[in-house]
Amino acid sequence: MLKIRAKNNIFVLVAVVGLLIFLHFIKVLSPLENIAARAINPLAGQFYSVSTSLRVALSERTDKGELLAALNDLQAEINQIKAENARLKAIKEENEKLRQYLKFSTKNEFDFVLANIISRGTLANPVNRGQSLIIDKGTADGLISGLAVVNNEGTIVGKIAEAKENVAEIYLSTGSNCKLAAAIQRSQGEPEDANKTVGIAEGELGLTIRMNFIPQAEEIKVGDIAVTSGLEKSVPAGLIIGEVIEVDKTSNEVWQRATIEPLANLDELTIVSVFRPREN
Amino acid sequence: MYLKIFLYLILIYILAVAQISFIATLPFGMSNFNLMLVCLIFILMLSGFRLSLWWALGAGFLLDTYSFSPFGIYLISLFLMVLLANFLLANFFTDRSLYSFLALTFFSTIFYSFLFYLLAYIFSFPEIKISVLGGKDFWLALGFQLFFNLLFVSLLFYIISFVSKRLKPVFLERSSNKF
């Protein structure tokens with residue numbers, strides 16, 4: 001009798017599991033899922049901050065704490081200056097184009113949404129750990145797949161991969177799933193009318209970014225800055241991707257490749273901004 | 001009874017948030033620790049099969065809500081894992097010793113990991129986003145998960161042994177006045 005009752009209980013629970021899955025796919029469970037997500041988001045952000053602080057603290061030795069702090073400050077300042085420089089260059093180019101086309105009118109196509117990071121890697125993508133993040137904003141905040149995500153210094157850190165109503169998954173720029181239309185900005189002293197080198201930047205091994213399909217004729221140097229080219233509709237132009245650290249140029253190849261080191265520290269992110277197309 | 005259910009829901013909520021946001025970002029491989037699985041094993045051992053199944057349901061639902069894998073993967077994986085664990089508990093690891101806990105955790109972790117990736121592979125077909133059991137990442141993650149799950153089970157076992165008499169001691173005490 002006890003065995004039959006136990007078996008009946010299992011069948012009931014199996015039916016409940018099946019029903020939950022079915023109700024999810026016909027969107028009946030959406031209100032309950034949204035309530036669950038809204039309830040989890042605030043606490044999840046706090047837990048993530050604590051965990052990130054713990055991870056950062058463990059990775060830095062205490063006897064080098066002050067030195068590292070100073071180094072981080074300087075690095076942040078350098079990154080801000082580079083971002084500012086990239087923005088000024090983009091503004092300068094736009095200015096010159098406007099002089100040529102007198103009736104051209106500028107428009108700000110994007111606004112941005114601040115979001116807390118609430119999870120990393122495991123839940124979002126169990127196999128490619130560390131190459132994706134989850135934030136606490138979703139389609140309810142106007143987020144869609146393909147939008148650019150930047151850190152507080154204005155450096156691009158990834159793109160929205162998928163958005164649910166209250167959460168969204170971001171592929172980090174160093175992940176193999178993230179591809180960006182990129183351009184190499186010319187260093188100072190080079191002719192201003194030279195064309196910008198354009199290619200596709202995609203993440204590699206969760207550590208660096210590779211820019212592929214660069215024509216052989218283009219001259220790229222270590223130290224050049226890679227930025228978004230603006231060829232993607234949902235990604236603004238001029239967002240810094242990183243700095244060229246290696247150029248792979250073989251004479252008998254059609255294309256050359258560049259290795260780019262991201263300027264953003266992707267391990268310490270807790271808050272990001274998502275560029276969202278402005279509604280007309 | 002309603003207070004108990006409410007308390008269980010709060011505990012499931014806290015564990016789910018801890019799994020999603022705290023454990024997932026820990027360094028040194030600790031992000032692979034499966035807190036939910038370990039808790040379900042303990043609930044199965046201490047509170048019974050039925051309660052552990054309901055916990056698996058609640059935890060799986062919350063994890064699926066946040067996951068970007070196809071909905072139902074966590075529900076099915078945790079649910080079947082509890083079924084397997086109960087089968088092993090009833091037929092093989094019938095006592096409540098530390099070794100039973102460790103063995104149960106070991107087999108449950110392996111079964112859960114394989115089932116999870118198999119379901120993710122099947123549900124992602126034809127647009128396959130992961131390779132089935134592919135790459136050193138999977139095996140490395142499994143190794144870390146086994147290590148930290150077993151470590152946590154051992155710690156939790158000793159903690160519960162101090163506060164509860166429901167767990168059998170590892171070593172039997174000899175009677176002092178035997179002779």
# chains A, B, ... in the order shown; residues from 1 in each chain; ligands from 1
call {"tool": "residues_around", "arguments": {"residues": "Ala85 of chain B", "least_positions_apart": "5", "cutoff": "10 Å", "atoms": "only C-alpha atoms", "output": "list in words"}}
result
Leu40, Ile41, Leu44, Met45, Phe49, Phe79, Leu80, Ala90, Asn91, Phe93, Ala103, Leu104, Thr105, Phe107, Ser108, Thr109 and Phe111 of chain B
call {"tool": "interface_residues", "arguments": {"of": "chain B", "to": "chain A", "cutoff": "8 Å", "atoms": "only C-alpha atoms", "output": "MDAnalysis selection string"}}
result
chainID B and resid 13 17:18 20:27 31:32 50 53:54 57 62:63 65:69 71:72 75:76 130 137:138
call {"tool": "atom_distance", "arguments": {"atom1": "atom CA of Thr270 of chain A", "atom2": "atom CA of Asn152 of chain A"}}
result
9.9 Å
call {"tool": "select_by_dssp", "arguments": {"residues": "chain B", "states": "helix (DSSP H, G or I)", "output": "PyMOL selection string"}}
result
chain B and resi 2-25+30-32+35-47+49-66+73-91+98-124+135-163
call {"tool": "write_last_selection", "arguments": {"atoms": "C-alpha atoms", "output": "short mmCIF file (atom, residue, chain, number, x, y, z; two decimals), in the first residue's frame"}}
result
data_model
loop_
_atom_site.label_atom_id
_atom_site.label_comp_id
_atom_site.auth_asym_id
_atom_site.auth_seq_id
_atom_site.Cartn_x
_atom_site.Cartn_y
_atom_site.Cartn_z
CA TYR B 2 1.55 26.97 5.95
CA LEU B 3 4.30 28.50 8.02
CA LYS B 4 6.50 25.52 7.22
CA ILE B 5 5.78 25.83 3.49
CA PHE B 6 6.55 29.56 3.65
CA LEU B 7 9.82 28.84 5.46
CA TYR B 8 10.78 26.25 2.85
CA LEU B 9 10.05 28.74 0.06
CA ILE B 10 12.26 31.35 1.74
CA LEU B 11 15.08 28.81 2.14
CA ILE B 12 14.80 27.70 -1.50
CA TYR B 13 14.85 31.36 -2.55
CA ILE B 14 18.02 32.09 -0.53
CA LEU B 15 19.78 28.97 -1.77
CA ALA B 16 18.86 29.75 -5.38
CA VAL B 17 20.16 33.32 -5.08
CA ALA B 18 23.35 32.07 -3.43
CA GLN B 19 23.85 29.58 -6.25
CA ILE B 20 23.08 32.09 -9.01
CA SER B 21 24.94 35.14 -7.73
CA PHE B 22 27.42 34.23 -5.02
CA ILE B 23 28.84 30.83 -5.85
CA ALA B 24 28.90 31.41 -9.62
CA THR B 25 31.52 34.16 -9.24
CA MET B 30 34.70 27.16 -6.43
CA SER B 31 32.16 28.47 -8.92
CA ASN B 32 31.54 24.83 -9.89
CA LEU B 35 25.02 23.98 -3.44
CA MET B 36 21.55 22.99 -4.54
CA LEU B 37 22.54 19.38 -5.23
CA VAL B 38 24.23 18.99 -1.87
CA CYS B 39 21.25 20.46 -0.03
CA LEU B 40 18.87 18.11 -1.84
CA ILE B 41 20.98 15.12 -0.80
CA PHE B 42 20.83 16.20 2.84
CA ILE B 43 17.10 16.82 2.69
CA LEU B 44 16.63 13.40 1.15
CA MET B 45 18.67 11.78 3.89
CA LEU B 46 17.22 13.70 6.81
CA SER B 47 13.68 14.66 5.85
CA PHE B 49 11.98 11.50 -0.35
CA ARG B 50 8.77 13.49 -0.78
CA LEU B 51 10.11 16.72 0.68
CA SER B 52 13.29 16.48 -1.37
CA LEU B 53 11.23 16.08 -4.55
CA TRP B 54 9.26 19.23 -3.77
CA TRP B 55 12.47 21.07 -3.01
CA ALA B 56 13.91 19.88 -6.34
CA LEU B 57 10.80 21.23 -8.04
CA GLY B 58 11.03 24.65 -6.40
CA ALA B 59 14.78 24.98 -6.84
CA GLY B 60 14.65 23.78 -10.45
CA PHE B 61 11.92 26.28 -11.29
CA LEU B 62 13.87 29.21 -9.83
CA LEU B 63 17.09 28.20 -11.56
CA ASP B 64 15.27 27.73 -14.87
CA THR B 65 13.73 31.19 -14.52
CA TYR B 66 17.22 32.68 -14.49
CA ILE B 73 16.70 21.60 -17.91
CA TYR B 74 17.27 22.32 -14.23
CA LEU B 75 13.80 21.04 -13.29
CA ILE B 76 14.31 17.72 -15.03
CA SER B 77 17.95 17.31 -13.99
CA LEU B 78 17.37 17.97 -10.29
CA PHE B 79 14.18 15.92 -10.24
CA LEU B 80 15.77 12.87 -11.85
CA MET B 81 18.86 13.28 -9.68
CA VAL B 82 16.70 13.03 -6.55
CA LEU B 83 14.98 9.94 -7.96
CA LEU B 84 18.33 8.31 -8.56
CA ALA B 85 19.66 9.34 -5.16
CA ASN B 86 16.61 7.86 -3.47
CA PHE B 87 17.05 4.62 -5.38
CA LEU B 88 20.70 4.39 -4.31
CA LEU B 89 19.81 5.31 -0.75
CA ALA B 90 17.09 2.68 -0.50
CA ASN B 91 19.06 -0.14 -2.12
CA LEU B 98 29.64 9.78 6.22
CA TYR B 99 30.64 7.28 3.55
CA SER B 100 27.04 6.91 2.44
CA PHE B 101 26.73 10.67 2.11
CA LEU B 102 29.95 10.87 0.15
CA ALA B 103 29.08 7.99 -2.16
CA LEU B 104 25.58 9.34 -2.74
CA THR B 105 26.97 12.80 -3.51
CA PHE B 106 29.57 11.33 -5.84
CA PHE B 107 27.12 9.36 -7.96
CA SER B 108 24.47 12.08 -7.88
CA THR B 109 26.96 14.71 -9.06
CA ILE B 110 28.13 12.57 -11.96
CA PHE B 111 24.60 11.64 -12.98
CA TYR B 112 23.39 15.24 -12.71
CA SER B 113 26.29 16.66 -14.77
CA PHE B 114 25.95 14.13 -17.56
CA LEU B 115 22.17 14.48 -17.68
CA PHE B 116 22.35 18.28 -17.67
CA TYR B 117 24.74 18.46 -20.61
CA LEU B 118 22.86 15.78 -22.51
CA LEU B 119 19.61 17.74 -22.14
CA ALA B 120 21.35 20.99 -23.10
CA TYR B 121 22.75 19.28 -26.19
CA ILE B 122 19.38 17.80 -27.18
CA PHE B 123 17.42 21.01 -26.59
CA SER B 124 19.91 23.12 -28.49
CA GLY B 135 36.41 19.80 -24.34
CA LYS B 136 38.51 19.89 -21.25
CA ASP B 137 36.18 22.54 -19.81
CA PHE B 138 33.48 19.97 -19.09
CA TRP B 139 35.81 17.49 -17.39
CA LEU B 140 37.60 20.21 -15.45
CA ALA B 141 34.27 21.60 -14.26
CA LEU B 142 33.11 18.11 -13.27
CA GLY B 143 36.31 17.51 -11.33
CA PHE B 144 35.97 20.77 -9.43
CA GLN B 145 32.29 20.12 -8.77
CA LEU B 146 33.01 16.67 -7.36
CA PHE B 147 35.79 18.01 -5.16
CA PHE B 148 33.85 20.89 -3.68
CA ASN B 149 30.59 18.95 -3.35
CA LEU B 150 32.31 16.17 -1.42
CA LEU B 151 34.22 18.66 0.71
CA PHE B 152 31.07 20.56 1.60
CA VAL B 153 29.16 17.35 2.33
CA SER B 154 31.89 16.28 4.75
CA LEU B 155 31.84 19.64 6.54
CA LEU B 156 28.07 19.75 6.71
CA PHE B 157 27.90 16.17 7.94
CA TYR B 158 30.14 16.92 10.92
CA ILE B 159 28.28 20.12 11.71
CA ILE B 160 24.93 18.32 11.69
CA SER B 161 26.40 15.47 13.72
CA PHE B 162 27.20 17.93 16.48
CA VAL B 163 23.69 19.37 16.62
#
call {"tool": "residues_around", "arguments": {"residues": "Ala237 of chain A", "least_positions_apart": "2", "cutoff": "9 Å", "atoms": "only C-alpha atoms", "output": "list of chain:residue names"}}
result
A:Ala90, A:Ala182, A:Val227, A:Thr228, A:Ser229, A:Gly230, A:Leu231, A:Glu232, A:Val235, A:Leu239, A:Ile240
call {"tool": "atom_distance", "arguments": {"atom1": "atom CA of Lys137 of chain A", "atom2": "atom CA of Pro31 of chain A"}}
result
16.1 Å
